Structure formats: C-alpha cells, structure tokens
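Have a look at my_file_0.txt; it's compact mmCIF, C-alpha atoms:
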```txt
# COMPACT_ATOMS: atom_id res chain seq x y z
CA MET K 1 -23.23 -6.52 6.47
CA ASP K 2 -25.72 -9.19 7.65
CA ARG K 3 -22.88 -11.71 7.93
CA VAL K 4 -20.78 -9.19 9.86
CA GLN K 5 -23.59 -8.50 12.31
CA ALA K 6 -24.14 -12.24 12.76
CA THR K 7 -20.45 -12.61 13.65
CA ILE K 8 -20.65 -9.77 16.16
CA ASP K 9 -23.75 -11.35 17.71
CA GLU K 10 -21.93 -14.68 17.97
CA ILE K 11 -18.97 -13.05 19.74
CA LYS K 12 -21.28 -11.37 22.23
CA ILE K 13 -22.92 -14.68 23.13
CA THR K 14 -19.54 -15.78 24.51
CA LEU K 15 -18.36 -12.34 25.63
CA PRO K 16 -21.45 -10.22 26.40
CA GLN K 17 -19.35 -7.20 27.41
CA ALA K 18 -17.23 -7.22 24.23
CA ASN K 19 -17.13 -3.84 22.54
CA VAL K 20 -17.14 -4.92 18.89
CA HIS K 21 -17.79 -2.69 15.89
CA ALA K 22 -17.59 -3.28 12.15
CA LEU K 23 -15.67 -0.98 9.83
CA GLN K 24 -16.61 -1.45 6.20
CA LEU K 25 -13.94 -1.14 3.51
CA ASP K 26 -13.11 -2.55 0.12
CA LEU K 27 -9.38 -3.18 -0.31
CA CYS K 28 -9.86 -3.16 -4.09
CA ASP K 29 -11.02 0.46 -3.95
CA PHE K 30 -8.60 3.06 -2.58
CA ALA K 31 -11.42 5.55 -1.97
CA SER K 32 -13.13 2.97 0.28
CA VAL K 33 -9.85 2.34 2.14
CA LYS K 34 -9.46 6.07 2.76
CA ALA K 35 -13.06 6.42 3.94
CA ALA K 36 -12.59 3.54 6.38
CA ALA K 37 -9.39 5.01 7.81
CA GLU K 38 -11.05 8.39 8.22
CA LYS K 39 -14.06 6.77 9.88
CA PHE K 40 -11.81 5.02 12.39
CA GLN K 41 -9.88 8.21 13.12
CA SER K 42 -13.12 10.08 13.71
CA ILE K 43 -13.92 7.62 16.51
CA GLU K 44 -10.52 6.68 17.96
CA THR K 45 -7.32 8.63 18.55
CA GLU K 46 -5.04 5.61 19.08
CA LEU K 47 -4.58 2.22 17.42
CA HIS K 48 -2.61 -0.38 19.38
CA ILE K 49 -2.91 -3.45 17.12
CA LEU K 50 -3.36 -3.45 13.35
CA LEU K 51 -3.79 -6.94 11.89
CA ASN K 52 -3.86 -6.81 8.09
CA ASN K 53 -5.68 -10.10 7.71
CA ALA K 54 -7.82 -9.87 4.57
CA GLY K 55 -6.91 -11.87 1.50
CA VAL K 56 -8.13 -13.43 -1.73
CA ALA K 57 -6.50 -16.26 -3.64
CA THR K 58 -8.55 -17.46 -6.58
CA LEU K 59 -10.00 -14.37 -8.19
CA PRO K 60 -9.82 -14.49 -11.99
CA TYR K 61 -7.67 -11.75 -13.45
CA SER K 62 -9.47 -8.43 -13.36
CA LEU K 63 -8.54 -4.82 -12.77
CA THR K 64 -9.80 -2.73 -9.87
CA VAL K 65 -11.19 0.77 -10.23
CA ASP K 66 -7.65 1.99 -9.49
CA GLY K 67 -6.11 -0.10 -12.26
CA TYR K 68 -4.50 -3.00 -10.35
CA ASP K 69 -5.06 -6.73 -10.46
CA ALA K 70 -7.65 -7.60 -7.82
CA GLN K 71 -5.34 -10.04 -6.00
CA TRP K 72 -2.51 -7.51 -5.91
CA SER K 73 -4.83 -4.80 -4.58
CA ALA K 74 -6.77 -6.87 -2.02
CA ASN K 75 -3.73 -8.67 -0.63
CA TYR K 76 -1.14 -5.91 -0.76
CA MET K 77 -1.89 -2.44 -2.12
CA GLY K 78 -5.05 -1.91 -0.09
CA HIS K 79 -3.29 -2.99 3.10
CA HIS K 80 -0.30 -0.75 2.40
CA LEU K 81 -2.61 2.24 1.95
CA PHE K 82 -4.72 1.37 5.01
CA THR K 83 -1.60 1.11 7.17
CA LYS K 84 -0.21 4.35 5.75
CA LEU K 85 -3.41 6.27 6.51
CA LEU K 86 -3.71 4.82 10.02
CA MET K 87 -0.07 5.45 10.92
CA PRO K 88 -0.76 8.70 12.84
CA THR K 89 -3.02 6.81 15.27
CA ILE K 90 -0.50 3.95 15.52
CA LEU K 91 2.34 6.34 16.32
CA ARG K 92 0.18 8.16 18.86
CA ALA K 93 -0.55 4.86 20.61
CA ALA K 94 3.13 3.96 20.59
CA GLY K 95 3.96 7.25 22.25
CA THR K 96 1.46 6.87 25.10
CA SER K 97 1.25 3.12 25.75
CA LYS K 98 3.41 1.18 28.19
CA ASP K 99 2.81 -1.92 26.06
CA GLN K 100 4.13 -2.69 22.60
CA VAL K 101 2.09 -1.54 19.63
CA ARG K 102 1.87 -4.18 16.89
CA ILE K 103 1.44 -4.19 13.11
CA VAL K 104 0.93 -7.68 11.68
CA ASN K 105 0.74 -8.55 7.99
CA LEU K 106 -0.69 -11.87 6.81
CA SER K 107 1.70 -13.39 4.31
CA SER K 108 1.96 -17.06 3.34
CA ASP K 109 4.52 -19.73 2.60
CA LEU K 110 3.09 -19.50 -0.91
CA HIS K 111 5.23 -16.39 -1.30
CA LEU K 112 7.68 -19.05 -2.53
CA MET K 113 5.47 -19.28 -5.64
CA ALA K 114 6.20 -15.66 -6.58
CA PRO K 115 8.26 -15.13 -9.74
CA LYS K 116 11.94 -15.91 -9.15
CA GLU K 117 12.79 -12.31 -10.05
CA GLY K 118 10.80 -11.14 -7.04
CA ILE K 119 8.47 -8.20 -7.61
CA LEU K 120 7.73 -7.61 -11.29
CA PHE K 121 7.65 -3.83 -11.28
CA ASP K 122 7.34 -3.67 -15.08
CA ASN K 123 4.53 -6.25 -15.13
CA ILE K 124 2.90 -5.71 -11.76
CA ASN K 125 -0.56 -7.02 -12.72
CA GLN K 126 0.74 -10.15 -14.50
CA PRO K 127 -2.29 -10.68 -16.76
CA ASP K 128 -0.75 -13.83 -18.26
CA SER K 129 0.27 -15.47 -14.97
CA GLY K 130 -1.69 -18.14 -13.11
CA LEU K 131 -3.73 -17.60 -9.95
CA ILE K 132 -1.12 -19.09 -7.62
CA THR K 133 1.74 -17.07 -9.14
CA ARG K 134 -0.18 -13.82 -8.69
CA TYR K 135 -1.11 -14.84 -5.15
CA GLY K 136 2.52 -15.62 -4.32
CA HIS K 137 3.56 -12.29 -5.84
CA ALA K 138 1.22 -10.42 -3.49
CA LYS K 139 2.24 -12.50 -0.48
CA LEU K 140 5.90 -11.74 -1.18
CA ALA K 141 4.90 -8.07 -1.21
CA ASN K 142 3.32 -8.55 2.25
CA LEU K 143 6.66 -9.85 3.55
CA LEU K 144 8.58 -6.97 2.00
CA HIS K 145 6.04 -4.47 3.31
CA THR K 146 6.67 -5.90 6.78
CA LYS K 147 10.42 -5.43 6.44
CA ALA K 148 9.98 -1.87 5.16
CA LEU K 149 7.63 -0.95 8.00
CA ALA K 150 9.93 -2.53 10.57
CA LYS K 151 12.86 -0.53 9.22
CA ARG K 152 10.97 2.77 9.30
CA TYR K 153 8.74 2.46 12.34
CA GLY K 154 9.66 -0.59 14.42
CA GLY K 155 11.93 -1.24 17.34
CA SER K 156 12.18 -0.58 21.06
CA GLY K 157 12.89 3.12 20.62
CA LYS K 158 9.57 3.55 18.84
CA ASN K 159 7.62 1.00 20.89
CA ILE K 160 6.36 -0.78 17.75
CA VAL K 161 6.86 -4.37 16.63
CA VAL K 162 6.05 -5.27 13.02
CA ALA K 163 5.65 -8.92 12.07
CA ALA K 164 4.54 -11.09 9.18
CA VAL K 165 2.62 -14.32 9.61
CA HIS K 166 2.05 -17.55 7.73
CA PRO K 167 -1.17 -18.80 9.36
CA GLY K 168 -0.86 -22.33 8.00
CA VAL K 169 -3.08 -23.96 5.42
CA VAL K 170 -6.47 -23.44 7.00
CA GLN K 171 -9.91 -24.90 6.29
CA THR K 172 -11.44 -21.77 4.78
CA ASP K 173 -13.16 -20.84 1.54
CA LEU K 174 -9.87 -19.32 0.44
CA SER K 175 -8.01 -22.62 0.73
CA ALA K 176 -10.91 -24.58 -0.73
CA GLY K 177 -11.02 -22.30 -3.74
CA MET K 178 -7.27 -22.65 -4.22
CA PHE K 179 -7.40 -26.45 -4.19
CA SER K 180 -10.42 -26.50 -6.50
CA THR K 181 -8.37 -24.78 -9.19
CA MET K 182 -5.96 -27.74 -9.20
CA LEU K 183 -8.09 -30.78 -8.22
CA PRO K 184 -11.61 -32.16 -8.67
CA GLU K 185 -13.99 -30.68 -6.11
CA SER K 186 -14.56 -33.98 -4.27
CA ILE K 187 -10.83 -34.57 -3.80
CA ALA K 188 -10.25 -30.94 -2.80
CA LYS K 189 -12.90 -31.22 -0.07
CA CYS K 190 -11.38 -34.45 1.23
CA ILE K 191 -7.90 -32.94 1.44
CA SER K 192 -9.30 -29.89 3.20
CA LYS K 193 -11.06 -31.94 5.89
CA VAL K 194 -8.21 -34.37 6.55
CA PHE K 195 -5.02 -32.37 6.19
CA LEU K 196 -5.80 -28.68 6.72
CA THR K 197 -5.79 -26.78 10.01
CA PRO K 198 -9.31 -26.28 11.45
CA ALA K 199 -10.55 -22.73 10.97
CA GLU K 200 -10.80 -22.22 14.74
CA GLN K 201 -7.02 -22.74 14.99
CA GLY K 202 -6.16 -20.79 11.87
CA CYS K 203 -5.92 -17.52 13.78
CA TRP K 204 -3.56 -18.78 16.50
CA CYS K 205 -0.32 -17.67 14.86
CA SER K 206 -1.81 -14.27 13.98
CA LEU K 207 -3.00 -13.78 17.55
CA TYR K 208 0.43 -14.77 18.84
CA ALA K 209 2.07 -12.12 16.66
CA ALA K 210 -0.51 -9.50 17.58
CA ALA K 211 -0.82 -10.03 21.32
CA SER K 212 1.69 -12.44 22.87
CA SER K 213 3.91 -10.99 25.59
CA ASP K 214 6.63 -13.37 24.37
CA VAL K 215 7.21 -11.28 21.24
CA THR K 216 10.23 -9.03 21.75
CA PHE K 217 11.49 -5.87 20.10
CA GLU K 218 14.43 -7.90 18.80
CA GLN K 219 11.92 -9.82 16.66
CA ASN K 220 10.91 -6.69 14.78
CA GLY K 221 10.32 -7.68 11.15
CA VAL K 222 10.11 -11.40 11.96
CA TYR K 223 8.16 -13.97 9.91
CA PHE K 224 6.12 -16.21 12.21
CA VAL K 225 4.82 -19.66 11.24
CA PRO K 226 2.43 -21.82 13.32
CA VAL K 227 2.45 -21.38 16.11
CA GLY K 228 4.78 -18.62 17.22
CA LYS K 229 7.84 -20.11 15.53
CA THR K 230 10.29 -18.11 13.46
CA GLY K 231 9.97 -19.04 9.79
CA LYS K 232 12.49 -18.81 7.00
CA PRO K 233 11.31 -16.66 4.09
CA SER K 234 12.69 -16.91 0.58
CA ALA K 235 15.79 -14.97 -0.37
CA ASN K 236 13.55 -12.35 -1.99
CA GLY K 237 11.49 -12.18 1.20
CA VAL K 238 14.46 -10.95 3.25
CA ASP K 239 15.96 -8.71 0.56
CA GLU K 240 16.12 -5.27 2.20
CA ALA K 241 16.97 -3.53 -1.07
CA LEU K 242 13.92 -5.11 -2.72
CA ALA K 243 11.78 -4.09 0.26
CA ASP K 244 12.96 -0.49 -0.11
CA LYS K 245 12.33 -0.56 -3.86
CA LEU K 246 8.80 -1.87 -3.36
CA TRP K 247 8.14 0.77 -0.70
CA THR K 248 9.31 3.56 -3.02
CA TRP K 249 7.33 2.16 -5.96
CA THR K 250 4.15 1.78 -3.89
CA GLU K 251 4.36 5.25 -2.37
CA ALA K 252 4.83 6.71 -5.86
CA GLN K 253 1.83 4.75 -7.18
CA LEU K 254 -0.36 5.93 -4.31
CA ALA K 255 0.80 9.51 -4.82
CA LEU K 256 -0.25 9.32 -8.46
CA LYS K 257 -3.72 8.34 -7.25
CA GLY K 258 -3.81 11.20 -4.76
CA TYR K 259 -2.99 9.29 -1.56
```
What is this structure when it is put down as structure tokens?
Amino acid sequence: MDRVQATIDEIKITLPQANVHALQLDLCDFASVKAAAEKFQSIETELHILLNNAGVATLPYSLTVDGYDAQWSANYMGHHLFTKLLMPTILRAAGTSKDQVRIVNLSSDLHLMAPKEGILFDNINQPDSGLITRYGHAKLANLLHTKALAKRYGGSGKNIVVAAVHPGVVQTDLSAGMFSTMLPESIAKCISKVFLTPAEQGCWCSLYAAASSDVTFEQNGVYFVPVGKTGKPSANGVDEALADKLWTWTEAQLALKGY
C-alpha cells in the first residue's frame, strides 16, 4: 500500500482537492474481490464509471486459490466477478444520473493471439500453452465479456454504455516483461523506449471510453483503439453466440464457488 499512497500523494500535488481513495483487492482471489465490492458498497450507493484496468501478461503458469490460471483470473475472471458484484450500484447510478454510466474493459489487440477455436472451455487454464497464448485467451474473454454486458445492460434505455479498449503498446512493466520473454533484455528495453507509447499517454484511450462526451449509446459494445477510434476485433471477438456461452460458463463457475 506504500506505492498506492505515494500515487495518491502525487495526484494531490497537482489536484489538492481531489478526493482519492484506495480500494484493495486481489483479482486472483474471489474472496478478496467480494470484500472489495462490499467495502465500496458500504461507502457509496452509486457507481458511474467502472474501468476494469488491471492486467498481467508474463506470469508463469500457476493456479489461484480458486483453481484458475493466474492470467485468466487476474485479467478476466476477477473482473467479471467484480463487475457482477458492483452491478447494483451501477444500475442505481444509471437510474438517477442525467449522464451516461460507463463500464470499460481493458482488452488488447493481442486477443488475436488467442487459440483459433476461441475460448477453450474444456482446457480453460491451458497449462501447456505459452504466456502470450494464455494472455490472448484472457483478452479475448475481456472482449466477449464486453459484448455480453452490452447486450444485457447497455443502451440508451438503460443509460449505460459498455466498451472495450486496446490501450496501445505502452511503456509499462507489463510490456517490458512481455518483450523480455521473447528478446534479450537490452534489445527489449531499446524497443520499449523507441517504439512504445509513453506511459503518460497509455491511459488516453481508456479515458476516452470512460469519460468522453463523444461516445454515444449507438457505440454500446464497441472496441476502441488509440485514441478513440473504432477497432476491428477478431471474428471470435464479435461472436455473440460465443459471448453468451462464455457468460453462461462464467456465471456457472462463479456459482460453484458461491458467488
């Protein structure tokens, strides 16, 4: 939490009146996700913007306490559960606000690296797959989660817009770790400095999706790429039947765990 507090202090140097609070949760632990959602709901009755931004890309294969690959849980399952548990406060905000309520999921163009079959329901953890394949698998799930949410909760009649975002390839530890799995460290660092988007700009597309007044209800379920442009997902990424199947599978898995 020291790093979190340092970030809050840095924000308040620029914006002294900013009302910033940290909410601790571990997306690889469903009990932690539930505790965080309950903590938020004990403080706030409405949630106007939910930006599911967390992600990991180079974790070696390992299982979480709930029995899922860490990449699958941190990038997808934890976010699905967090959104599910916060939905009452999102819907309450949508019913009282004059402005759009937004749900934004961070995906990636690396969803193109997911298995060609799409979501491997019979081999969800993929213990024998590489890091990038498992990352792409989870990022495809983020796209499909967006479509499923948009279908169930989005649109002008419900005052909610759901969007997915590819933030670009950004100069972060996540990108550096990804390149280091494929290239020598010195070359990976050089590529990062020269070709990748500076970290300060890496949030621009996410902020556009979360807060821009240019986003319309007709864009519900859209996939944005930098900055504020409509991207073209893979065929699996726009497969409504696959999105519904993943939704049903995920809800059943969470129910088995008591959520």
Q: May I ask for the distance between CA of Gly55 (chain K) and CA of Asn75 (chain K), given in Å to one decimal place?
A: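 That distance, rounded to one decimal, is 5.0 Å.
Residues having any atom no farther than 7 Å from (0.6, 0.0, 24.9) (counting only C-alpha atoms) are His48, Ala93, Ala94, Thr96, Ser97, Lys98, Asp99, Gln100 and Val101 of chain K.
Comparing the minimum interatomic distances between Ala6 (chain K) and each of K:Asn105, K:Val20, K:Glu240, K:Lys39, counting only C-alpha atoms, we find that K:Val20 sits nearest.
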Q. What is the CA of Gly78 (chain K) to CA of Gln126 (chain K) distance in Å?
A.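 The value is 17.6 Å.
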Q | Residues near region 128-139 of chain K, cut-off 6 Å, only C-alpha atoms, skip fewer than 3 positions along chain, as a ChimeraX atom specification | A | /K:57-58,72,75-76,107-108,110-111,113-114,142
Q.
Using all atoms listed in the file, can you tell me which of K:Ile43, K:Ala70, K:Ile119, K:Val161 comes closest to Asp239 (chain K)?
A. K:Ile119
Q | Within 12 Å of region 243-245 of chain K using all atoms listed in the file, minus same-chain residues under 3 positions, as a list in words | A |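 The neighbour list is Gly118, Ile119, Leu120, Phe121, Leu140, Ala141, Asn142, Leu143, Leu144, His145, Thr146, Lys147, Ala148, Leu149, Ala150, Lys151, Arg152, Gly221, Ala235, Asn236, Gly237, Val238, Asp239, Glu240, Thr248, Trp249, Thr250, Glu251 and Ala252 of chain K.
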Q: Using CA of Ile160 (chain K) and CA of Val104 (chain K) as the two end points, give the distance in Å to one decimal.
A: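 If I compute the distance from CA of Ile160 (chain K) to CA of Val104 (chain K), I get 10.7 Å.
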